[in-house]
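Next comes start-v6.cif, a file with mmCIF, C-alpha atoms.
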```
data_my_file
#
loop_
_atom_site.label_atom_id
_atom_site.label_comp_id
_atom_site.auth_asym_id
_atom_site.auth_seq_id
_atom_site.Cartn_x
_atom_site.Cartn_y
_atom_site.Cartn_z
CA MET A 189 21.78 -24.67 -4.37
CA THR A 190 25.00 -25.09 -6.39
CA ASN A 191 26.63 -22.20 -8.22
CA ARG A 192 25.53 -23.72 -11.53
CA GLU A 193 21.92 -24.01 -10.37
CA ASN A 194 22.03 -20.41 -9.17
CA ILE A 195 23.40 -19.22 -12.52
CA VAL A 196 20.67 -21.11 -14.41
CA ARG A 197 18.04 -19.69 -12.08
CA ASN A 198 19.24 -16.12 -12.56
CA GLN A 199 19.42 -16.59 -16.31
CA GLY A 200 15.80 -17.69 -16.32
CA LEU A 201 14.79 -14.65 -14.27
CA ASP A 202 16.85 -12.28 -16.41
CA ASP A 203 15.24 -13.72 -19.53
CA LEU A 204 11.75 -13.14 -18.10
CA LEU A 205 12.57 -9.59 -17.05
CA GLY A 206 13.99 -8.94 -20.51
CA ARG A 207 10.69 -10.07 -22.02
CA VAL A 208 8.83 -7.78 -19.62
CA SER A 209 10.99 -4.84 -20.70
CA VAL A 210 10.11 -5.38 -24.35
CA SER A 211 6.43 -6.21 -23.95
CA LEU A 212 5.61 -3.44 -21.47
CA GLU A 213 6.40 -0.85 -24.13
CA ASP A 214 3.34 -2.21 -25.95
CA GLY A 215 1.22 -2.45 -22.79
CA LEU A 216 1.61 -6.23 -22.49
CA MET A 217 2.79 -8.32 -19.53
CA PRO A 218 4.02 -11.94 -19.44
CA VAL A 219 1.66 -13.86 -17.18
CA GLU A 220 4.47 -15.63 -15.28
CA ILE A 221 5.27 -12.65 -13.05
CA PHE A 222 2.06 -13.28 -11.08
CA GLY A 223 2.91 -16.80 -9.94
CA ASP A 224 6.60 -17.50 -10.43
CA ALA A 225 8.41 -18.39 -7.18
CA GLU A 226 11.76 -17.07 -8.45
CA VAL A 227 10.18 -13.73 -9.34
CA PHE A 228 8.68 -13.58 -5.86
CA GLU A 229 12.00 -14.26 -4.12
CA ALA A 230 13.68 -11.62 -6.24
CA GLU A 231 10.93 -9.12 -5.33
CA MET A 232 11.54 -9.72 -1.64
CA ASP A 233 15.22 -8.90 -2.20
CA ARG A 234 15.11 -6.18 -4.81
CA VAL A 235 11.85 -4.36 -4.10
CA PHE A 236 11.18 -4.70 -0.38
CA THR A 237 14.67 -4.46 1.14
CA ARG A 238 15.68 -1.50 -1.05
CA ASN A 239 12.66 0.78 -0.89
CA TRP A 240 10.70 2.71 1.70
CA VAL A 241 7.88 0.47 2.94
CA PHE A 242 4.92 1.39 5.15
CA VAL A 243 4.83 -0.42 8.52
CA GLY A 244 2.06 1.25 10.52
CA PHE A 245 0.46 4.39 11.92
CA GLU A 246 1.80 6.53 14.74
CA SER A 247 -1.64 6.35 16.35
CA GLU A 248 -1.21 2.57 16.72
CA ILE A 249 1.72 3.07 19.09
CA PRO A 250 0.96 6.33 20.94
CA ALA A 251 2.76 5.56 24.25
CA SER A 252 6.26 4.61 25.32
CA GLY A 253 6.62 0.84 25.11
CA ASP A 254 3.82 0.38 22.57
CA TYR A 255 4.62 -1.91 19.67
CA VAL A 256 3.05 -3.69 16.71
CA THR A 257 4.46 -6.53 14.62
CA ARG A 258 4.46 -6.10 10.85
CA HIS A 259 6.41 -7.28 7.81
CA VAL A 260 8.82 -5.76 5.33
CA GLY A 261 8.59 -8.22 2.49
CA LYS A 262 9.12 -11.61 4.14
CA ASP A 263 10.81 -10.17 7.23
CA SER A 264 8.81 -9.96 10.44
CA VAL A 265 9.59 -6.69 12.23
CA ILE A 266 8.71 -5.05 15.54
CA VAL A 267 7.64 -1.41 15.25
CA ALA A 268 8.24 -0.07 18.76
CA ARG A 269 8.27 3.24 20.62
CA ASP A 270 11.19 3.31 23.06
CA ARG A 271 11.59 5.18 26.36
CA ASP A 272 12.44 8.38 24.49
CA MET A 273 9.33 8.03 22.28
CA LYS A 274 11.53 7.30 19.26
CA ILE A 275 10.11 4.77 16.79
CA ASN A 276 12.37 1.82 15.98
CA VAL A 277 11.89 -0.96 13.46
CA LEU A 278 13.57 -4.13 14.70
CA ALA A 279 14.03 -7.61 13.24
CA ASN A 280 11.69 -9.96 15.07
CA PHE A 281 14.19 -12.71 15.84
CA CYS A 282 16.68 -13.43 18.59
CA ARG A 283 20.34 -13.11 17.67
CA HIS A 284 21.18 -16.27 19.62
CA ARG A 285 19.31 -18.98 17.68
CA GLY A 286 16.68 -17.11 15.68
CA ALA A 287 13.59 -17.74 17.79
CA GLN A 288 10.76 -15.28 17.18
CA LEU A 289 10.63 -12.68 19.94
CA CYS A 290 7.09 -11.28 19.54
CA THR A 291 4.16 -13.47 18.59
CA ASN A 292 1.49 -10.90 19.48
CA ASP A 293 0.18 -8.46 16.89
CA ARG A 294 0.59 -5.59 19.36
CA GLY A 295 1.35 -4.83 22.99
CA ASN A 296 3.38 -2.71 25.38
CA SER A 297 6.80 -3.70 26.68
CA LEU A 298 10.08 -1.95 27.37
CA ASN A 299 11.94 -5.24 26.79
CA PHE A 300 11.66 -8.26 24.53
CA ARG A 301 12.70 -11.62 25.99
CA CYS A 302 13.49 -14.62 23.81
CA PRO A 303 11.33 -17.64 24.73
CA TYR A 304 14.11 -20.09 23.79
CA HIS A 305 17.22 -19.20 25.84
CA GLY A 306 16.08 -16.02 27.52
CA TRP A 307 18.20 -13.38 25.84
CA VAL A 308 16.67 -9.95 26.57
CA TYR A 309 16.62 -6.83 24.38
CA ARG A 310 15.45 -3.29 25.07
CA ASN A 311 12.72 -2.00 22.80
CA ASN A 312 15.26 0.16 21.00
CA GLY A 313 17.05 -3.05 19.95
CA ASP A 314 19.94 -2.92 22.43
CA TRP A 315 21.11 -6.19 23.98
CA ARG A 316 20.26 -6.11 27.68
CA GLY A 317 21.00 -9.47 29.27
CA ALA A 318 20.93 -13.27 29.30
CA PRO A 319 20.65 -16.02 31.91
CA ASP A 320 23.97 -16.65 33.69
CA LYS A 321 25.59 -13.86 31.73
CA SER A 322 28.45 -13.38 34.17
CA ASP A 323 29.49 -17.03 33.80
CA ALA A 324 28.40 -17.79 30.26
CA TYR A 325 29.30 -14.52 28.51
CA PRO A 326 31.75 -12.59 30.70
CA LYS A 327 33.44 -10.94 27.71
CA LEU A 328 30.50 -10.70 25.28
CA ASP A 329 30.51 -7.50 23.21
CA THR A 330 26.92 -6.59 24.01
CA LYS A 331 26.88 -3.67 21.55
CA ALA A 332 27.48 -6.13 18.71
CA TRP A 333 24.61 -8.45 19.64
CA GLY A 334 21.58 -6.18 19.67
CA LEU A 335 18.64 -6.78 17.34
CA LEU A 336 18.98 -5.88 13.71
CA LYS A 337 17.64 -2.35 13.42
CA ALA A 338 16.32 -0.68 10.29
CA PRO A 339 18.74 2.13 9.37
CA HIS A 340 15.92 4.45 8.33
CA VAL A 341 12.56 5.16 9.96
CA GLU A 342 10.51 8.25 9.16
CA THR A 343 6.93 9.37 9.69
CA LEU A 344 4.77 11.45 7.40
CA TYR A 345 1.24 12.67 8.22
CA GLY A 346 0.94 9.94 10.86
CA LEU A 347 2.18 7.08 8.66
CA ILE A 348 5.38 5.20 9.57
CA PHE A 349 7.78 4.12 6.83
CA THR A 350 11.05 2.23 6.99
CA CYS A 351 13.85 1.38 4.58
CA LEU A 352 16.37 -1.43 5.10
CA GLU A 353 18.85 -0.03 2.56
CA GLN A 354 21.76 1.76 4.21
CA GLU A 355 22.19 4.30 1.40
CA ALA A 356 18.58 5.38 1.08
CA PRO A 357 17.28 8.82 0.09
CA PRO A 358 15.08 10.71 2.59
CA LEU A 359 11.46 9.57 2.61
CA LEU A 360 9.99 12.64 0.90
CA ASP A 361 12.61 12.49 -1.84
CA ALA A 362 11.88 8.81 -2.38
CA LEU A 363 8.11 9.24 -2.43
CA GLY A 364 8.10 12.14 -4.88
CA GLY A 365 4.59 12.35 -6.31
CA GLY A 366 3.43 9.76 -3.78
CA GLY A 367 4.26 12.17 -0.96
CA TRP A 368 2.41 14.94 -2.80
CA MET A 369 -0.66 12.69 -3.01
CA LEU A 370 -0.32 11.69 0.65
CA LYS A 371 -0.32 15.35 1.71
CA ALA A 372 -3.51 16.06 -0.23
CA LEU A 373 -5.20 13.14 1.52
CA MET A 374 -3.93 13.41 5.08
CA ASP A 375 -2.78 16.99 5.76
CA LEU A 376 -6.16 18.72 5.68
CA HIS A 377 -6.23 19.49 9.40
CA PRO A 378 -3.39 20.14 11.89
CA ASN A 379 -4.68 17.39 14.19
CA GLY A 380 -4.53 14.85 11.39
CA MET A 381 -6.10 11.40 11.27
CA SER A 382 -5.84 8.28 13.41
CA VAL A 383 -6.83 4.64 13.19
CA MET A 384 -10.09 3.41 14.63
CA GLY A 385 -8.80 0.15 16.04
CA PRO A 386 -6.40 -2.55 14.84
CA PRO A 387 -6.40 -3.61 11.20
CA ASP A 388 -8.52 -6.36 9.75
CA ARG A 389 -6.18 -9.15 8.64
CA TYR A 390 -7.14 -11.80 6.13
CA ARG A 391 -5.51 -13.76 3.34
CA VAL A 392 -6.42 -13.99 -0.32
CA ARG A 393 -5.12 -16.37 -2.98
CA ALA A 394 -3.71 -13.57 -5.11
CA ASN A 395 -0.40 -11.99 -6.04
CA TRP A 396 0.32 -8.75 -4.18
CA LYS A 397 0.94 -6.85 -7.43
CA THR A 398 -2.61 -7.42 -8.65
CA ALA A 399 -4.01 -5.72 -5.55
CA SER A 400 -1.59 -2.80 -5.78
CA GLU A 401 -2.34 -2.38 -9.47
CA ASN A 402 -6.09 -2.48 -8.88
CA PHE A 403 -5.94 0.38 -6.38
CA ALA A 404 -3.36 2.23 -8.47
CA GLY A 405 -6.10 3.15 -10.88
CA ASP A 406 -8.36 0.40 -12.19
CA ALA A 407 -11.74 2.05 -12.67
CA TYR A 408 -12.46 -0.17 -15.68
CA HIS A 409 -13.66 -3.08 -13.53
CA ILE A 410 -16.18 -1.18 -11.41
CA SER A 411 -19.26 -1.41 -13.62
CA VAL A 412 -18.68 -5.15 -14.16
CA ALA A 413 -17.14 -6.60 -11.00
CA HIS A 414 -19.31 -4.51 -8.67
CA ARG A 415 -22.55 -4.73 -10.63
CA SER A 416 -24.20 -6.68 -7.80
CA VAL A 417 -23.59 -3.77 -5.42
CA GLU A 418 -25.47 -1.46 -7.75
CA LYS A 419 -28.29 -3.95 -8.30
CA ILE A 420 -29.15 -3.99 -4.60
CA ASN A 421 -29.00 -0.17 -4.47
CA LEU A 422 -25.83 0.05 -2.38
CA GLY A 423 -24.15 2.06 -5.11
CA GLN A 424 -25.21 4.13 -8.09
CA GLY A 425 -23.84 5.42 -11.37
CA PHE A 426 -21.14 2.80 -11.90
CA ASP A 427 -21.48 2.99 -15.68
CA ALA A 428 -20.72 6.71 -15.51
CA VAL A 429 -17.35 5.96 -13.94
CA ASN A 430 -16.11 4.75 -17.31
CA GLN A 431 -16.94 8.13 -18.84
CA PHE A 432 -15.54 10.45 -16.18
CA THR A 433 -12.48 8.63 -14.81
CA ILE A 434 -9.36 10.70 -14.18
CA ASN A 435 -6.00 8.92 -13.81
CA TYR A 436 -3.23 10.63 -11.87
CA ALA A 437 0.07 8.93 -12.78
CA LEU A 438 2.30 10.80 -10.34
CA GLY A 439 5.65 9.27 -11.24
CA ASP A 440 7.82 6.43 -9.90
CA GLY A 441 4.88 4.03 -9.79
CA HIS A 442 2.73 6.14 -7.42
CA SER A 443 -0.76 6.97 -8.63
CA CYS A 444 -4.38 7.65 -7.81
CA THR A 445 -7.68 7.70 -9.65
CA GLY A 446 -10.90 9.61 -9.20
CA SER A 447 -13.82 11.15 -11.05
CA ALA A 448 -14.88 14.69 -11.85
CA THR A 449 -17.49 14.65 -9.08
CA GLY A 450 -17.16 18.34 -8.31
CA ASP A 451 -17.57 19.30 -11.97
CA LEU A 452 -20.54 16.95 -12.36
CA LEU A 453 -22.40 17.32 -9.07
CA GLY A 454 -21.44 20.77 -7.88
CA GLU A 455 -20.81 21.36 -4.19
CA VAL A 456 -22.23 17.98 -3.17
CA GLY A 457 -19.48 16.24 -5.13
CA GLU A 458 -16.63 18.44 -3.94
CA TYR A 459 -14.08 17.25 -1.34
CA TRP A 460 -15.09 13.59 -1.75
CA GLY A 461 -18.66 14.50 -0.76
CA TYR A 462 -17.86 15.29 2.87
CA GLU A 463 -20.71 16.99 4.70
CA TYR A 464 -20.21 20.68 5.50
CA ALA A 465 -19.77 20.01 9.22
CA ILE A 466 -16.55 18.17 8.33
CA ARG A 467 -15.24 19.93 5.22
CA ASN A 468 -15.62 23.35 6.86
CA GLN A 469 -12.98 22.33 9.38
CA PHE A 470 -10.39 21.56 6.71
CA ASP A 471 -7.38 23.88 6.60
CA LEU A 472 -6.02 23.90 3.06
CA SER A 473 -3.34 26.51 3.67
CA ARG A 474 -0.57 23.89 3.47
CA LEU A 475 -1.65 22.62 0.04
CA ASP A 476 -0.50 23.93 -3.32
CA ASN A 477 -2.99 25.09 -5.94
CA ALA A 478 -2.96 21.81 -7.85
CA GLN A 479 -3.76 19.87 -4.69
CA LYS A 480 -6.57 22.25 -3.79
CA GLU A 481 -8.16 22.04 -7.21
CA MET A 482 -7.81 18.25 -7.31
CA ILE A 483 -9.53 17.54 -3.99
CA ARG A 484 -12.28 20.09 -4.64
CA LEU A 485 -13.33 19.18 -8.17
CA ARG A 486 -11.76 15.82 -9.03
CA PRO A 487 -10.85 14.09 -5.75
CA PRO A 488 -8.97 10.80 -5.90
CA ALA A 489 -11.01 7.85 -4.67
CA VAL A 490 -8.29 5.18 -4.73
CA GLY A 491 -4.54 5.15 -5.06
CA ASN A 492 -1.32 3.26 -4.40
CA ILE A 493 2.07 4.24 -3.03
CA PHE A 494 4.68 1.91 -4.46
CA PRO A 495 5.10 -0.86 -3.67
CA ASN A 496 2.14 -2.10 -1.61
CA LEU A 497 0.29 0.65 0.29
CA SER A 498 -3.15 1.66 -0.98
CA PHE A 499 -6.01 3.88 0.10
CA ILE A 500 -9.67 4.32 -0.66
CA ARG A 501 -11.69 7.40 0.26
CA PHE A 502 -15.24 6.87 -0.83
CA THR A 503 -18.88 7.44 0.11
CA ASN A 504 -21.95 5.32 0.56
CA THR A 505 -25.20 5.88 -1.28
CA PRO A 506 -27.24 7.74 1.34
CA PRO A 507 -30.98 7.44 1.98
CA ALA A 508 -33.10 10.16 0.39
CA GLY A 509 -32.49 13.52 2.01
CA LYS A 510 -29.34 12.36 3.82
CA TRP A 511 -25.75 13.45 3.23
CA PRO A 512 -23.32 10.70 2.18
CA VAL A 513 -20.89 9.30 4.74
CA VAL A 514 -17.24 9.40 3.65
CA TYR A 515 -14.73 6.83 4.86
CA THR A 516 -10.96 6.55 4.58
CA SER A 517 -9.40 3.12 4.47
CA TRP A 518 -5.70 2.41 4.16
CA ARG A 519 -4.65 -1.09 3.24
CA GLN A 520 -1.39 -2.95 2.80
CA TRP A 521 -0.94 -5.91 0.48
CA GLN A 522 1.51 -8.06 2.43
CA PRO A 523 3.23 -10.68 0.23
CA ILE A 524 3.11 -14.21 1.61
CA SER A 525 4.07 -16.11 -1.53
CA ALA A 526 3.76 -15.67 -5.26
CA THR A 527 0.16 -16.86 -5.00
CA GLU A 528 -0.96 -15.60 -1.58
CA THR A 529 -1.31 -12.16 0.00
CA GLU A 530 -2.32 -11.01 3.44
CA VAL A 531 -4.49 -7.91 3.52
CA LEU A 532 -4.19 -5.44 6.40
CA SER A 533 -7.04 -2.93 6.35
CA TRP A 534 -7.48 0.10 8.64
CA GLN A 535 -10.39 2.54 8.95
CA LEU A 536 -9.29 6.10 9.83
CA LYS A 537 -11.04 9.15 11.26
CA TRP A 538 -10.28 12.84 11.37
CA ASN A 539 -9.31 13.54 14.96
CA PHE A 540 -11.74 16.47 15.14
CA MET A 541 -14.72 14.20 14.37
CA THR A 542 -17.45 13.64 16.91
CA ASP A 543 -17.94 10.09 18.15
CA GLU A 544 -21.09 9.83 16.04
CA GLN A 545 -19.32 10.98 12.88
CA ALA A 546 -16.43 8.60 13.49
CA SER A 547 -18.77 5.69 14.19
CA GLU A 548 -20.73 6.28 10.98
CA SER A 549 -17.53 6.50 8.96
CA TYR A 550 -16.17 3.30 10.50
CA ALA A 551 -19.35 1.31 9.89
CA THR A 552 -19.62 2.52 6.31
CA GLY A 553 -15.98 1.70 5.58
CA GLN A 554 -16.24 -1.77 7.11
CA PHE A 555 -19.39 -2.46 5.11
CA GLY A 556 -17.63 -1.56 1.86
CA PHE A 557 -13.99 -2.54 2.34
CA SER A 558 -13.09 -5.05 5.03
CA SER A 559 -12.78 -8.82 5.33
CA ALA A 560 -16.56 -9.02 4.82
CA GLY A 561 -16.97 -5.83 2.75
CA VAL A 562 -19.30 -6.02 -0.22
CA PHE A 563 -16.77 -4.40 -2.58
CA GLU A 564 -13.81 -6.27 -1.10
CA GLN A 565 -15.39 -9.69 -1.68
CA ASP A 566 -16.03 -8.83 -5.32
CA ASP A 567 -12.41 -7.85 -5.85
CA THR A 568 -10.47 -10.48 -3.96
CA VAL A 569 -12.13 -13.52 -5.49
CA LEU A 570 -11.39 -12.18 -8.98
CA TRP A 571 -7.74 -11.52 -8.16
CA GLU A 572 -7.26 -15.28 -7.81
CA GLY A 573 -7.26 -15.62 -11.59
CA ALA A 574 -3.81 -14.23 -12.33
CA PRO A 575 -1.81 -16.78 -10.26
CA HIS A 576 -3.76 -19.65 -11.84
CA VAL A 577 -2.87 -18.41 -15.32
CA ALA A 578 0.73 -17.75 -14.27
CA LEU A 579 1.10 -21.41 -13.29
CA SER A 580 -0.74 -22.76 -16.34
CA PRO A 581 1.48 -25.00 -18.51
CA TRP A 582 -0.62 -24.09 -21.54
CA ALA A 583 -0.37 -20.34 -20.94
CA ARG A 584 3.40 -20.57 -20.42
CA LYS A 585 3.82 -22.72 -23.54
CA GLU A 586 1.94 -20.15 -25.61
CA GLY A 587 3.83 -17.21 -24.10
CA ALA A 588 0.54 -15.72 -22.93
CA MET A 589 0.39 -12.03 -22.07
CA PHE A 590 -2.01 -9.91 -20.05
CA ASN A 591 -3.33 -6.80 -21.80
CA MET A 592 -2.63 -3.42 -20.14
CA GLN A 593 -3.19 -1.29 -23.24
CA LEU A 594 -6.38 0.48 -22.18
CA GLY A 595 -6.25 4.16 -23.12
CA MET A 596 -2.98 4.00 -25.07
CA ALA A 597 -2.92 6.66 -27.76
CA SER A 598 -1.06 4.33 -30.14
CA LEU A 599 -4.13 2.07 -30.14
CA GLY A 600 -6.62 4.88 -30.65
CA GLY A 601 -7.49 5.38 -26.99
CA ILE A 602 -9.49 8.50 -26.22
CA GLN A 603 -7.57 9.37 -23.06
CA GLN A 604 -5.52 12.53 -23.38
CA ARG A 605 -2.78 13.95 -21.18
CA ASP A 606 -3.79 17.19 -19.50
CA PRO A 607 -1.27 19.79 -20.71
CA ASP A 608 -2.30 22.24 -17.98
CA TRP A 609 -1.67 19.87 -15.06
CA ALA A 610 0.55 21.65 -12.51
CA GLY A 611 1.12 18.73 -10.12
CA PRO A 612 3.69 15.93 -10.35
CA GLY A 613 3.60 13.35 -13.12
CA ASN A 614 0.77 13.31 -15.64
CA VAL A 615 -3.01 13.34 -15.59
CA TYR A 616 -5.09 11.46 -18.15
CA SER A 617 -8.80 11.74 -19.00
CA PRO A 618 -11.54 11.19 -20.00
CA GLY A 619 -12.59 7.64 -19.43
CA PRO A 620 -10.73 4.67 -17.94
CA GLY A 621 -7.16 3.90 -18.82
CA GLU A 622 -4.30 1.82 -17.58
CA ALA A 623 -1.55 4.42 -17.44
CA PRO A 624 -1.26 3.98 -13.63
CA ALA A 625 -0.86 0.21 -14.05
CA ARG A 626 1.79 0.64 -16.72
CA ASP A 627 3.66 3.14 -14.55
CA PHE A 628 3.45 0.75 -11.59
CA TYR A 629 5.07 -2.04 -13.61
CA LEU A 630 7.70 0.26 -15.06
CA ARG A 631 8.77 1.07 -11.50
CA TRP A 632 8.60 -2.62 -10.58
CA LEU A 633 10.78 -3.50 -13.57
CA HIS A 634 13.27 -0.78 -12.64
CA GLU A 635 13.60 -2.15 -9.11
CA MET A 636 13.88 -5.73 -10.33
CA THR A 637 16.69 -4.94 -12.75
CA ARG A 638 18.77 -2.22 -11.07
CA GLY A 639 22.01 -3.60 -9.65
CA SER A 640 20.87 -7.19 -10.13
#
```

Full structure transcribed into structure tokens:
Amino acid sequence: MTNRENIVRNQGLDDLLGRVSVSLEDGLMPVEIFGDAEVFEAEMDRVFTRNWVFVGFESEIPASGDYVTRHVGKDSVIVARDRDMKINVLANFCRHRGAQLCTNDRGNSLNFRCPYHGWVYRNNGDWRGAPDKSDAYPKLDTKAWGLLKAPHVETLYGLIFTCLEQEAPPLLDALGGGGWMLKALMDLHPNGMSVMGPPDRYRVRANWKTASENFAGDAYHISVAHRSVEKINLGQGFDAVNQFTINYALGDGHSCTGSATGDLLGEVGEYWGYEYAIRNQFDLSRLDNAQKEMIRLRPPAVGNIFPNLSFIRFTNTPPAGKWPVVYTSWRQWQPISATETEVLSWQLKWNFMTDEQASESYATGQFGFSSAGVFEQDDTVLWEGAPHVALSPWARKEGAMFNMQLGMASLGGIQQRDPDWAGPGNVYSPGPGEAPARDFYLRWLHEMTRGS
């Protein structure tokens, strides 16, 4: 690309981001951001290389030598535990000619050997050797030719995050309200949670932002998109969701959404509906009062940590006389292109659970949210709409916008900010609203325009 072509390209992107800045104040979004290739390439640079990004769970790599391969934006990385049990995030390409080192999703190895010319690296990224090294590279500075290594790797409640930016704030500082939410979800027992097997992996013809936004707090779609689930008695009360939704916009694009199940259903609806045999083992001593009240009376069912890590903690509709089964699923929306996303979906258990409890939770979670999940299929096929519109010549010609105004006070929305909320950010109720979506895109816009 010539300098002139690059200038024209950047001007086009800057113009689009300028339009986003103006329209988002009114809860509107230009459709192009969900299918534009230039926007996507800028996201890979400005969002994913600058921010803390989730890359896996500690329980996926419990032993020395264990590794999994993941992505940070478009970059394939190896998440590996070295001899000293330290977790490293390494670029998954050989420094010699760029061949991919690891093609497996996971494994155990203390070394990674390039399949092209045989360069060898330790699983901490250090250069170790090459064929005929004494003759071919007698004076090679081996310290300069190790694998690219992420400058920052931190874990929090069993989740592994990395940041490729050299001058990055500590993870907890960067997460802010997202870390507060994560603690309320994952730090309810000193033994924590762990994955129940490798993630489901499947691709959808959707933009990654649509998935993140949906889990950030879209309760509005439930009674429509998931109506079939209710019709076959796999779910109940979906219409009521629109009346009792609570949006937690926790700041910096992190958010979660739930319902006042504890207020409405009493003890059965408290703590996500966990049975007493499980909830009685929770230790809430590490939570603040706002966290305790939230998970007891108005527990979050879905949420998103910016940019692309989401959770769902939900229940099935049990047979008569049975207690509901609660499952916890974490999922990552891995960008492939502006119009395609790979979904990684894990089911987690509390480590104190019996095998029977864990098995029931896993089966329930897979039935609802997995590659074949009844809720997941409803969602993912509908997410395909945004990229089609983004690439529509007619929509672009007309300057079409998507509407994200639900609940805005300026338009007469009934949602009100809770003045007594003691946690981070703001809480809005009653009824559905799109404050979490608007906050998500404000953060996205900030990352896309800072230092560009």

- Message: as a PyMOL selection string, please: the residues near region 234-244 of chain A (cut-off 9 Å, only C-alpha atoms, same-chain neighbours under 6 positions excluded).
- Response: chain A and resi 256-262+265+267+277+340-341+346-354+356+359+362-363+494-497+520+632+635-640

- Query: For the atom pair CA of Ser416 (chain A) and CA of Phe563 (chain A), what is the interatomic distance in Å to one decimal place?
  - Reply: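 These two atoms are separated by 9.4 Å.
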
- Query: Which is closer to Gly457 (chain A) than all the others in A:Thr503, A:Thr445, A:Ser473, A:Gln479, using only C-alpha atoms?
  - Reply: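 Using only C-alpha atoms, Gly457 (chain A) sits closest to A:Thr503.
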
- Item | Target residues per the PyMOL selection byres ((chain A and resi 284) around 10), formatted as a list in words |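 Checked against the file, the PyMOL selection byres ((chain A and resi 284) around 10) matches Phe281, Cys282, Arg283, Arg285, Gly286, Ala287, Cys302, Tyr304, His305, Gly306, Trp307 and Trp333 of chain A.
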
- Message: Which residues, named as in the file, does the PyMOL selection byres ((chain A and resi 548) around 12) pick out? Answer as a list in words.
- Response: Met384, Thr503, Asn504, Pro506, Trp511, Pro512, Val513, Val514, Tyr515, Thr516, Gln535, Leu536, Lys537, Met541, Thr542, Asp543, Glu544, Gln545, Ala546, Ser547, Ser549, Tyr550, Ala551, Thr552, Gly553, Gln554 and Phe555 of chain A

- Pick out the closest residue to Pro624 (chain A) from this set: A:Ser400, A:Thr529, A:Ser558, A:Gln469. Count all atoms listed in the file. A:Ser400

- Query: So which residues get picked by the PyMOL selection byres ((chain A and resi 371) around 10) here, written as a list in words?
  - Reply: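 On the file shown, the PyMOL selection byres ((chain A and resi 371) around 10) covers Leu344, Tyr345, Gly365, Gly366, Gly367, Trp368, Met369, Leu370, Ala372, Leu373, Met374, Asp375, Leu376, Arg474, Leu475, Asp476 and Gln479 of chain A.
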
Set out as JSON lines a contact list for region 323-409 of chain A and region 568-579 of chain A with a cut-off of 7 Å, giving each residue of region 323-409 of chain A that qualifies its closest atom pair and distance in Å to one decimal, counting all atoms listed in the file, ordered by chain and rising residue number.
```
{"residue": "A:Val392", "atom": "CA", "partner": "A:Thr568", "partner_atom": "CA", "distance": 6.5}
{"residue": "A:Arg393", "atom": "CA", "partner": "A:Glu572", "partner_atom": "CA", "distance": 5.4}
{"residue": "A:Ala394", "atom": "CA", "partner": "A:Glu572", "partner_atom": "CA", "distance": 4.8}
{"residue": "A:Asn395", "atom": "CA", "partner": "A:Pro575", "partner_atom": "CA", "distance": 6.5}
{"residue": "A:Thr398", "atom": "CA", "partner": "A:Trp571", "partner_atom": "CA", "distance": 6.6}
```

- Message: Nearest residue to Gly454 (chain A) out of A:Met381, A:Ala478, A:Leu485, A:Ser580, using all atoms listed in the file?
- Response: A:Leu485

- Message: Calculated over only C-alpha atoms, which of the candidates A:Thr505, A:Ser411, A:Asn492, A:Thr291 has the smallest distance to Trp521 (chain A)?
- Response: A:Asn492

- Polymer residues at most 12 Å from (3.9, -7.6, -27.5) by all atoms listed in the file, as a list in words: Arg207, Val208, Ser209, Val210, Ser211, Leu212, Glu213, Asp214, Gly215, Leu216, Met217, Pro218, Gly587, Ala588, Met589, Phe590, Asn591, Met592 and Gln593 of chain A

- Can you list, as JSON, numbers by chain, every protein, DNA or RNA residue that comes within 10 Å of Pro386 (chain A) when you count all atoms listed in the file, leaving out same-chain residues fewer than 3 positions away? {"A": [248, 256, 293, 294, 383, 389, 532, 533, 534, 535]}

- Message: So the first atom is CA of Asp314 (chain A) and the second is CA of Lys331 (chain A); what is the distance between them in Å, to one decimal place?
- Response: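 These atoms are spaced 7.0 Å apart.
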
- Residue among A:Val417, A:Ser598, A:Asp254, A:Ile266 lying closest to Val562 (chain A), counting all atoms listed in the file: A:Val417

- Distance of CA of Arg519 (chain A) from CA of Ser617 (chain A), expressed in Å to one decimal place: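 Separation of CA of Ser617 (chain A) and CA of Arg519 (chain A): 26.0 Å.
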
- Query: Which is closest to Asn402 (chain A) among A:Phe228, A:Phe502, A:Trp518, A:Phe628, if we use all atoms listed in the file?
  - Reply: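 Residue with the minimum atom-to-atom distance to Asn402 (chain A): A:Phe628.
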
Calculate, to one decimal in Å, the centre and edge lengths of the box along x, y and z of the file that holds all listed atoms of region 402-409 of chain A with 8 Å of margin on each side, and present them as lines of an AutoDock Vina configuration file.
```
center_x = -8.5
center_y = 0.0
center_z = -11.0
size_x = 26.3
size_y = 22.2
size_z = 25.3
```
